[in-house]
Amino acid sequence: MIKHILRIVWNRKRANGLVALEIAISFLVLFAVVAITVYFHDNYSRPLGFSYEGVWNVNILREGKSDDTWSPESVDATRRLLLAVRELPEVESAAAVSVPPYSNSESTYGMDFKGGRKIEFHAGDATDDFKDVMQIALVSGRWFSREDNGASYSPVVINEVFARDLFGSGDAIGEVIREASEGERELRVIGVITEFRKNGEYSAPTNWAFFRASLDDPKSRPPGNLAVRLRPGTGRVFEEKLATTLQGVVKEYSFEVTPLAEMRKLRLRLYQIPVIVISLVAAFLMLMVGLGLTGVLWQNVTQRTREIGLRRAKGATVRDIHQQILGELFVITSLGLAAGSIVAIQFPLLAIIGPVGASVYAWSFLISVLVIYALTTLCGLYPSWMASRIQPAAALHYE
Amino acid sequence: MLKNYLKIAFKVLLRRKFFTFISLFGVSLTLFVLMVSAALLDHTFGSFPPETRQDRTLNVLSLRMSGPNTIHGSNPGYMFLDRYVRTLPDVEKVSIHSEPAGVSAFKNGERIPLFVVRTDGEFWEILDFKFLEGAPFTAEDEKNANFVAVINESTRKKFFGEEHAVGKAIEADGQRFRIVGVVPNVPILRQIPFSDVWVPISTAKSNTYKQQLMGGFVGTILAKRRADLPAIQREFQSRLSRVELPNPKIYDKLESAAQTLFEHAESQFFDNKVAQGGIALLGVILVLAVLFMVLPAINLVNINVSRILERSSEIGVRKAFGASRRTLIGQFVVENLALSLVGGLLGFILSFLVLAGLTSSGLIPYAEFHMNYRIFFYGLGLASFFGLFSGVIPAWKMSRLHPVAALRGRSR
């Protein structure tokens, strides 16, 4: 059966080749779009590591912040701001942090790990209360606390991804990330948190670390933002009161107050818009391919009226005819898909796609293949129905 | 003769409405997507007023400090631009201006959000703003920290309705400015000239910006001639190594570039790893455009190739009645061109409507989208090429057949 269909397909190789080529390219387009969507969906379903609801961010605009310089005065000012915020009755808890969730700020570190391995990670400075304000879940060890005052090491809290990257399945607590060197203390892991995906739900899980910011130490770098958890039921009107309070504490600074929920909306949109645009373009391409394919198959059936009529006259049932038309289409689609897959497989082989996991890749592959088969079958239904309606008598006296 | 061909073409197109629809759909929608993308690119990078001298303008938009362990990037600070960019030799003018900052203004107790840019007198000489009323503020105003402001049309409307604004006062971010000029709205995607209100830098609330290496500002350099750009870029790079870093214990290297807007987009796109003067980004855009058009092209070829077989008997009849091969080819050329042109026309109307809709929707503030006719004709040319290539070649082959064979429909 298959062998026979293959021969029929081969007989019309030029026309069928074009159709197969079209299917191969459609598959690649679809695969790219599906892979991106599956990738984001996969990220979305992973733990975020913190809770943003009811938390506001205060961006402190102070001198030297953009140069990454600071003075003992600015450390003290930040400490006083935090104290003043905590006094407010609407505030449940507050902490200072250098890179707030959903913000644009980014701080990337690269250093040599044991055995000369290069490690890269994103990090932020946070005060002792930050874990409770953001409701970050600890896996093991502890978060920063007064215990760390005057310690001989710099305490670090890392996420699980980073812990696994550095120490495999072993216990990370007490391990040293970087040895002490020229005036800098060693970086010692004191806790592991589940996750902290600063860029939000759609971002990929990356290596993350928190350093301790201590506002009692005039030499420590003061974080530039406050994270403020409000009591439930506090509305946007509180914004003015908060801003006035802050301005009353330090006159020389400016403050930007934004609920994290709003920063989140903007950040998510940043990921969604490109996906929506390419999905629309891909949908348009698929629609066009579908229409074109229907046209080609229809034409194909009209041309082969005599052949199909002859088969009917020789006793082929309606089912046989359906089987032939759809079978041919299936073979052509499979050829196109095979060609497309050969190209698609190059991407992980050449490591172009980077961090996309094997399961994301496999799922997108499967979904795209199924969609293409569904699409071509759908396109073949009408022409195949037309073919099955051909009357042997009418077809045979065609000439 | 041509009229006859067109008549036949029209009849043929009507006979198979489904096929005609597919072809028209493909051609017009492909052109439409192409036109909208081109309009967006043009809108962001094209040479429109007030940026009429873009071909000899460079911008310093970002600065990165890096050390053995960490990298810190943002836009440049005032001190850096003032000391190392404003003093560049052999340039016509240099302007320093802040990034647009969102502030609140109040009118009768109602909050109106505004973007404010703090800038200098040269800004108005580098950019070619057409003043609706009044005039720009000057370098003198900047020096004396005069509280003067230039506002855009939409801000004038929000505060003063249809009345003249020059001479009146506007309060923004808790400061009071006297309006000296009104300019047309600039779209938000035009990075350099976009804002609602422009005021002198020296009116800033505190003076700390004067000591900052990084943060908040952009430098714009106008060269005397386009040919001077590479020399200016080289001089800028050599100056970078002389910059004193504020925190040498953490950061020991400074990176930046004086770039055209397109070059800047390129370094952003490639995460600062590629600097090919915009060619790499242009390459990416072209490859994407070609990839996008491959499918519609193959689709068109497919439809045409399978359709032409249907018409072998028609060719046979015409040959039998003495039509020369030339006449036959002429007929098919006219037919395919007519189809492409109708598709092009539909695509044109569609793009026009959607772009006009986008402009008036206010989805992107102050955006004005224009049709890029050059891109349109390229697209139409390609559509016609594939139409001809796939419609005429099979017809030409068939026209070589003996009329009898053609009449029987045995084309192969």
# chains A, B, ... in the order shown; residues from 1 in each chain; ligands from 1
>>> residues_around(residues="Phe80 of chain B", least_positions_apart="3", cutoff="10 Å", atoms="only C-alpha atoms", output="PDB file with N, CA and C atoms, in the first residue's frame")
ATOM      1  N   LEU B  63      27.197  53.673  28.826  1.00  0.00           N
ATOM      2  CA  LEU B  63      28.518  53.629  29.426  1.00  0.00           C
ATOM      3  C   LEU B  63      28.553  52.394  30.307  1.00  0.00           C
ATOM      4  N   PRO B  76      25.376  57.627  30.150  1.00  0.00           N
ATOM      5  CA  PRO B  76      26.476  58.414  30.697  1.00  0.00           C
ATOM      6  C   PRO B  76      25.977  59.488  31.670  1.00  0.00           C
ATOM      7  N   GLY B  77      26.898  59.970  32.503  1.00  0.00           N
ATOM      8  CA  GLY B  77      26.565  61.067  33.402  1.00  0.00           C
ATOM      9  C   GLY B  77      27.024  62.396  32.816  1.00  0.00           C
ATOM     10  N   ARG B  83      33.155  66.667  30.213  1.00  0.00           N
ATOM     11  CA  ARG B  83      34.613  66.686  30.189  1.00  0.00           C
ATOM     12  C   ARG B  83      35.187  66.006  28.945  1.00  0.00           C
ATOM     13  N   TYR B  84      34.571  64.914  28.493  1.00  0.00           N
ATOM     14  CA  TYR B  84      35.221  64.128  27.440  1.00  0.00           C
ATOM     15  C   TYR B  84      34.520  64.190  26.083  1.00  0.00           C
ATOM     16  N   VAL B  85      33.268  64.606  26.059  1.00  0.00           N
ATOM     17  CA  VAL B  85      32.566  64.657  24.769  1.00  0.00           C
ATOM     18  C   VAL B  85      32.419  66.089  24.277  1.00  0.00           C
ATOM     19  N   ARG B  86      32.045  66.979  25.170  1.00  0.00           N
ATOM     20  CA  ARG B  86      31.839  68.362  24.749  1.00  0.00           C
ATOM     21  C   ARG B  86      33.125  68.967  24.212  1.00  0.00           C
ATOM     22  N   LYS B 210      26.607  67.283  38.310  1.00  0.00           N
ATOM     23  CA  LYS B 210      27.849  67.789  37.715  1.00  0.00           C
ATOM     24  C   LYS B 210      29.056  66.922  38.022  1.00  0.00           C
ATOM     25  N   GLN B 211      28.953  66.094  39.090  1.00  0.00           N
ATOM     26  CA  GLN B 211      30.105  65.251  39.432  1.00  0.00           C
ATOM     27  C   GLN B 211      29.946  63.817  38.959  1.00  0.00           C
ATOM     28  N   GLN B 212      28.830  63.508  38.298  1.00  0.00           N
ATOM     29  CA  GLN B 212      28.584  62.094  38.038  1.00  0.00           C
ATOM     30  C   GLN B 212      29.147  61.594  36.720  1.00  0.00           C
ATOM     31  N   LEU B 213      29.825  60.462  36.836  1.00  0.00           N
ATOM     32  CA  LEU B 213      30.379  59.823  35.644  1.00  0.00           C
ATOM     33  C   LEU B 213      29.250  59.147  34.867  1.00  0.00           C
ATOM     34  N   MET B 214      28.340  58.528  35.630  1.00  0.00           N
ATOM     35  CA  MET B 214      27.307  57.731  34.962  1.00  0.00           C
ATOM     36  C   MET B 214      25.921  58.188  35.352  1.00  0.00           C
ATOM     37  N   GLY B 215      24.991  57.935  34.431  1.00  0.00           N
ATOM     38  CA  GLY B 215      23.591  58.045  34.789  1.00  0.00           C
ATOM     39  C   GLY B 215      22.875  59.278  34.301  1.00  0.00           C
ATOM     40  N   PHE B 217      22.159  60.974  31.458  1.00  0.00           N
ATOM     41  CA  PHE B 217      22.305  61.891  30.329  1.00  0.00           C
ATOM     42  C   PHE B 217      22.705  61.187  29.039  1.00  0.00           C
ATOM     43  N   GLY B 219      24.717  62.195  25.177  1.00  0.00           N
ATOM     44  CA  GLY B 219      25.448  63.208  24.425  1.00  0.00           C
ATOM     45  C   GLY B 219      25.163  63.062  22.947  1.00  0.00           C
ATOM     46  N   LEU B 240      38.519  57.490  26.188  1.00  0.00           N
ATOM     47  CA  LEU B 240      37.920  56.635  27.224  1.00  0.00           C
ATOM     48  C   LEU B 240      38.961  56.131  28.218  1.00  0.00           C
ATOM     49  N   VAL B 243      39.814  58.335  31.266  1.00  0.00           N
ATOM     50  CA  VAL B 243      38.802  58.708  32.257  1.00  0.00           C
ATOM     51  C   VAL B 243      39.164  58.155  33.624  1.00  0.00           C
ATOM     52  N   GLU B 244      39.045  59.010  34.658  1.00  0.00           N
ATOM     53  CA  GLU B 244      39.284  58.548  36.021  1.00  0.00           C
ATOM     54  C   GLU B 244      38.034  57.880  36.539  1.00  0.00           C
TER      55      GLU B 244
END
>>> interface_residues(of="chain B", to="chain A", cutoff="8 Å", atoms="only C-alpha atoms", output="PyMOL selection string")
chain B and resi 18-19+22+25-26+33+68-72+74+206+208-209+212-215+246-247+295-296+298-300+302-303+305-307+310
>>> write_last_selection(atoms="C-alpha atoms", output="JSON list (two decimals), in the first residue's frame")
[["chain", "number", "residue", "atom", "x", "y", "z"],
["B", 18, "PHE", "CA", -10.94, 30.38, -4.93],
["B", 19, "PHE", "CA", -7.54, 30.41, -6.63],
["B", 22, "ILE", "CA", -5.59, 32.63, -2.50],
["B", 25, "PHE", "CA", -4.65, 37.02, -0.19],
["B", 26, "GLY", "CA", -1.01, 35.91, -0.24],
["B", 33, "VAL", "CA", 3.21, 42.84, 6.84],
["B", 68, "PRO", "CA", 37.28, 41.62, 37.59],
["B", 69, "ASN", "CA", 34.04, 40.50, 39.21],
["B", 70, "THR", "CA", 31.28, 42.79, 38.11],
["B", 71, "ILE", "CA", 29.84, 45.01, 35.41],
["B", 72, "HIS", "CA", 27.83, 48.18, 35.90],
["B", 74, "SER", "CA", 23.78, 52.79, 32.44],
["B", 206, "SER", "CA", 20.51, 69.76, 43.04],
["B", 208, "THR", "CA", 25.15, 66.61, 42.14],
["B", 209, "TYR", "CA", 24.73, 65.72, 38.47],
["B", 212, "GLN", "CA", 28.58, 62.09, 38.04],
["B", 213, "LEU", "CA", 30.38, 59.82, 35.64],
["B", 214, "MET", "CA", 27.31, 57.73, 34.96],
["B", 215, "GLY", "CA", 23.59, 58.05, 34.79],
["B", 246, "PRO", "CA", 35.22, 56.76, 40.78],
["B", 247, "ASN", "CA", 35.57, 53.33, 42.35],
["B", 295, "LEU", "CA", 6.65, 30.86, 2.19],
["B", 296, "PRO", "CA", 4.28, 33.19, 0.31],
["B", 298, "ILE", "CA", 6.54, 29.10, -2.74],
["B", 299, "ASN", "CA", 2.82, 29.17, -2.16],
["B", 300, "LEU", "CA", 2.32, 31.39, -5.18],
["B", 302, "ASN", "CA", 2.68, 26.10, -6.21],
["B", 303, "ILE", "CA", -0.71, 27.52, -7.07],
["B", 305, "VAL", "CA", 2.22, 25.64, -11.45],
["B", 306, "SER", "CA", -0.76, 23.45, -10.67],
["B", 307, "ARG", "CA", -3.20, 25.87, -12.26],
["B", 310, "GLU", "CA", -5.74, 23.16, -16.34]]
>>> closest_residue(among="B:Arg311, B:Arg118, B:Arg325, B:Lys224", to="Val94 of chain B", atoms="only C-alpha atoms")
B:Lys224
>>> residues_around(residues="Arg86 of chain A", least_positions_apart="5", cutoff="12 Å", atoms="only C-alpha atoms", output="count of residues only")
20
>>> residues_around(residues="His41 of chain A", least_positions_apart="4", cutoff="8 Å", atoms="only C-alpha atoms", output="list in words")
Thr37, Ser45 and Tyr202 of chain A
>>> residues_around(residues="Glu195 of chain A", least_positions_apart="2", cutoff="8 Å", atoms="only C-alpha atoms", output="PyMOL selection string")
chain A and resi 47-50+136-137+159-161+193+197+205+208
>>> closest_residue(among="A:Gly340, A:Pro383, A:Gly150, A:Pro72", to="Pro218 of chain A", atoms="only C-alpha atoms")
A:Pro72
>>> select_by_dssp(residues="segment 147-334 of chain B", states="helix (DSSP H, G or I)", output="PyMOL selection string")
chain B and resi 153-160+201-203+208-211+226-240+261-269+279-310+312-320+325-334
>>> decode(residues="segment 168-281 of chain B", atoms="C-alpha atoms", output="PDB file, in the first residue's frame")
ATOM      1  CA  LYS B 168       2.672  81.905  30.318  1.00  0.00           C
ATOM      2  CA  ALA B 169       3.923  79.740  33.178  1.00  0.00           C
ATOM      3  CA  ILE B 170       3.878  75.971  33.583  1.00  0.00           C
ATOM      4  CA  GLU B 171       4.521  74.046  36.786  1.00  0.00           C
ATOM      5  CA  ALA B 172       6.193  70.678  36.497  1.00  0.00           C
ATOM      6  CA  ASP B 173       7.837  68.525  39.177  1.00  0.00           C
ATOM      7  CA  GLY B 174       7.304  71.303  41.712  1.00  0.00           C
ATOM      8  CA  GLN B 175       9.171  73.912  39.660  1.00  0.00           C
ATOM      9  CA  ARG B 176       7.718  76.880  37.796  1.00  0.00           C
ATOM     10  CA  PHE B 177       8.880  77.679  34.275  1.00  0.00           C
ATOM     11  CA  ARG B 178       8.111  80.491  31.828  1.00  0.00           C
ATOM     12  CA  ILE B 179       7.225  79.110  28.411  1.00  0.00           C
ATOM     13  CA  VAL B 180       9.365  80.508  25.602  1.00  0.00           C
ATOM     14  CA  GLY B 181       8.461  78.210  22.705  1.00  0.00           C
ATOM     15  CA  VAL B 182       6.098  75.542  21.391  1.00  0.00           C
ATOM     16  CA  VAL B 183       7.192  72.711  19.050  1.00  0.00           C
ATOM     17  CA  PRO B 184       5.258  69.943  17.239  1.00  0.00           C
ATOM     18  CA  ASN B 185       4.875  66.557  18.963  1.00  0.00           C
ATOM     19  CA  VAL B 186       7.700  64.057  18.523  1.00  0.00           C
ATOM     20  CA  PRO B 187       6.929  60.307  18.651  1.00  0.00           C
ATOM     21  CA  ILE B 188       8.207  58.334  21.647  1.00  0.00           C
ATOM     22  CA  LEU B 189      10.291  55.965  19.514  1.00  0.00           C
ATOM     23  CA  ARG B 190      12.476  58.874  18.426  1.00  0.00           C
ATOM     24  CA  GLN B 191      14.885  58.432  21.270  1.00  0.00           C
ATOM     25  CA  ILE B 192      16.777  61.719  21.015  1.00  0.00           C
ATOM     26  CA  PRO B 193      14.143  64.408  20.382  1.00  0.00           C
ATOM     27  CA  PHE B 194      11.214  62.871  22.309  1.00  0.00           C
ATOM     28  CA  SER B 195       9.747  64.768  25.241  1.00  0.00           C
ATOM     29  CA  ASP B 196       6.813  66.930  26.352  1.00  0.00           C
ATOM     30  CA  VAL B 197       8.748  69.675  28.086  1.00  0.00           C
ATOM     31  CA  TRP B 198      12.374  70.825  27.711  1.00  0.00           C
ATOM     32  CA  VAL B 199      14.088  72.969  30.337  1.00  0.00           C
ATOM     33  CA  PRO B 200      17.715  74.052  30.937  1.00  0.00           C
ATOM     34  CA  ILE B 201      19.910  71.483  32.734  1.00  0.00           C
ATOM     35  CA  SER B 202      21.047  74.070  35.290  1.00  0.00           C
ATOM     36  CA  THR B 203      17.510  74.329  36.698  1.00  0.00           C
ATOM     37  CA  ALA B 204      17.921  70.849  38.237  1.00  0.00           C
ATOM     38  CA  LYS B 205      17.000  70.611  41.924  1.00  0.00           C
ATOM     39  CA  SER B 206      20.506  69.761  43.043  1.00  0.00           C
ATOM     40  CA  ASN B 207      23.966  70.161  41.566  1.00  0.00           C
ATOM     41  CA  THR B 208      25.154  66.611  42.145  1.00  0.00           C
ATOM     42  CA  TYR B 209      24.731  65.715  38.466  1.00  0.00           C
ATOM     43  CA  LYS B 210      27.849  67.789  37.715  1.00  0.00           C
ATOM     44  CA  GLN B 211      30.105  65.251  39.432  1.00  0.00           C
ATOM     45  CA  GLN B 212      28.584  62.094  38.038  1.00  0.00           C
ATOM     46  CA  LEU B 213      30.379  59.823  35.644  1.00  0.00           C
ATOM     47  CA  MET B 214      27.307  57.731  34.962  1.00  0.00           C
ATOM     48  CA  GLY B 215      23.591  58.045  34.789  1.00  0.00           C
ATOM     49  CA  GLY B 216      20.818  60.110  33.335  1.00  0.00           C
ATOM     50  CA  PHE B 217      22.305  61.891  30.329  1.00  0.00           C
ATOM     51  CA  VAL B 218      22.917  61.444  26.603  1.00  0.00           C
ATOM     52  CA  GLY B 219      25.448  63.208  24.425  1.00  0.00           C
ATOM     53  CA  THR B 220      24.706  64.150  20.824  1.00  0.00           C
ATOM     54  CA  ILE B 221      27.533  65.110  18.489  1.00  0.00           C
ATOM     55  CA  LEU B 222      27.004  66.896  15.178  1.00  0.00           C
ATOM     56  CA  ALA B 223      29.965  66.485  12.837  1.00  0.00           C
ATOM     57  CA  LYS B 224      30.891  69.031  10.203  1.00  0.00           C
ATOM     58  CA  ARG B 225      30.843  66.419   7.473  1.00  0.00           C
ATOM     59  CA  ARG B 226      29.703  62.850   7.269  1.00  0.00           C
ATOM     60  CA  ALA B 227      33.259  61.815   6.422  1.00  0.00           C
ATOM     61  CA  ASP B 228      34.453  63.040   9.829  1.00  0.00           C
ATOM     62  CA  LEU B 229      32.463  60.440  11.770  1.00  0.00           C
ATOM     63  CA  PRO B 230      35.145  57.691  11.911  1.00  0.00           C
ATOM     64  CA  ALA B 231      37.782  60.159  13.132  1.00  0.00           C
ATOM     65  CA  ILE B 232      35.438  61.405  15.862  1.00  0.00           C
ATOM     66  CA  GLN B 233      34.682  57.839  16.925  1.00  0.00           C
ATOM     67  CA  ARG B 234      38.408  57.058  17.137  1.00  0.00           C
ATOM     68  CA  GLU B 235      39.135  60.176  19.180  1.00  0.00           C
ATOM     69  CA  PHE B 236      36.271  59.299  21.524  1.00  0.00           C
ATOM     70  CA  GLN B 237      37.647  55.789  22.061  1.00  0.00           C
ATOM     71  CA  SER B 238      41.134  57.071  22.809  1.00  0.00           C
ATOM     72  CA  ARG B 239      39.692  59.451  25.401  1.00  0.00           C
ATOM     73  CA  LEU B 240      37.920  56.635  27.224  1.00  0.00           C
ATOM     74  CA  SER B 241      41.185  55.219  28.546  1.00  0.00           C
ATOM     75  CA  ARG B 242      41.992  58.566  30.200  1.00  0.00           C
ATOM     76  CA  VAL B 243      38.802  58.708  32.257  1.00  0.00           C
ATOM     77  CA  GLU B 244      39.284  58.548  36.021  1.00  0.00           C
ATOM     78  CA  LEU B 245      37.031  55.945  37.529  1.00  0.00           C
ATOM     79  CA  PRO B 246      35.216  56.761  40.776  1.00  0.00           C
ATOM     80  CA  ASN B 247      35.570  53.330  42.349  1.00  0.00           C
ATOM     81  CA  PRO B 248      38.797  51.825  40.944  1.00  0.00           C
ATOM     82  CA  LYS B 249      38.786  49.031  43.507  1.00  0.00           C
ATOM     83  CA  ILE B 250      35.644  47.522  42.013  1.00  0.00           C
ATOM     84  CA  TYR B 251      35.791  48.785  38.435  1.00  0.00           C
ATOM     85  CA  ASP B 252      38.912  49.213  36.324  1.00  0.00           C
ATOM     86  CA  LYS B 253      37.643  49.490  32.771  1.00  0.00           C
ATOM     87  CA  LEU B 254      35.267  51.813  30.950  1.00  0.00           C
ATOM     88  CA  GLU B 255      33.479  51.019  27.708  1.00  0.00           C
ATOM     89  CA  SER B 256      31.309  53.245  25.567  1.00  0.00           C
ATOM     90  CA  ALA B 257      30.794  54.259  21.967  1.00  0.00           C
ATOM     91  CA  ALA B 258      29.781  57.267  19.927  1.00  0.00           C
ATOM     92  CA  GLN B 259      27.287  55.742  17.527  1.00  0.00           C
ATOM     93  CA  THR B 260      24.558  56.472  15.078  1.00  0.00           C
ATOM     94  CA  LEU B 261      21.148  55.342  16.289  1.00  0.00           C
ATOM     95  CA  PHE B 262      21.231  52.281  14.061  1.00  0.00           C
ATOM     96  CA  GLU B 263      24.692  51.297  15.308  1.00  0.00           C
ATOM     97  CA  HIS B 264      23.415  51.673  18.851  1.00  0.00           C
ATOM     98  CA  ALA B 265      20.452  49.422  18.085  1.00  0.00           C
ATOM     99  CA  GLU B 266      22.931  46.910  16.689  1.00  0.00           C
ATOM    100  CA  SER B 267      25.059  46.808  19.834  1.00  0.00           C
ATOM    101  CA  GLN B 268      21.913  46.467  21.937  1.00  0.00           C
ATOM    102  CA  PHE B 269      20.609  43.654  19.764  1.00  0.00           C
ATOM    103  CA  PHE B 270      23.858  41.718  19.969  1.00  0.00           C
ATOM    104  CA  ASP B 271      24.404  42.536  23.646  1.00  0.00           C
ATOM    105  CA  ASN B 272      27.502  44.649  22.907  1.00  0.00           C
ATOM    106  CA  LYS B 273      29.277  41.712  21.288  1.00  0.00           C
ATOM    107  CA  VAL B 274      29.094  42.928  17.704  1.00  0.00           C
ATOM    108  CA  ALA B 275      30.056  46.290  16.241  1.00  0.00           C
ATOM    109  CA  GLN B 276      29.877  46.240  12.463  1.00  0.00           C
ATOM    110  CA  GLY B 277      28.639  49.756  11.888  1.00  0.00           C
ATOM    111  CA  GLY B 278      25.039  48.604  11.563  1.00  0.00           C
ATOM    112  CA  ILE B 279      25.723  46.068   8.806  1.00  0.00           C
ATOM    113  CA  ALA B 280      25.133  43.043  11.050  1.00  0.00           C
ATOM    114  CA  LEU B 281      21.750  44.345  12.179  1.00  0.00           C
TER     115      LEU B 281
END
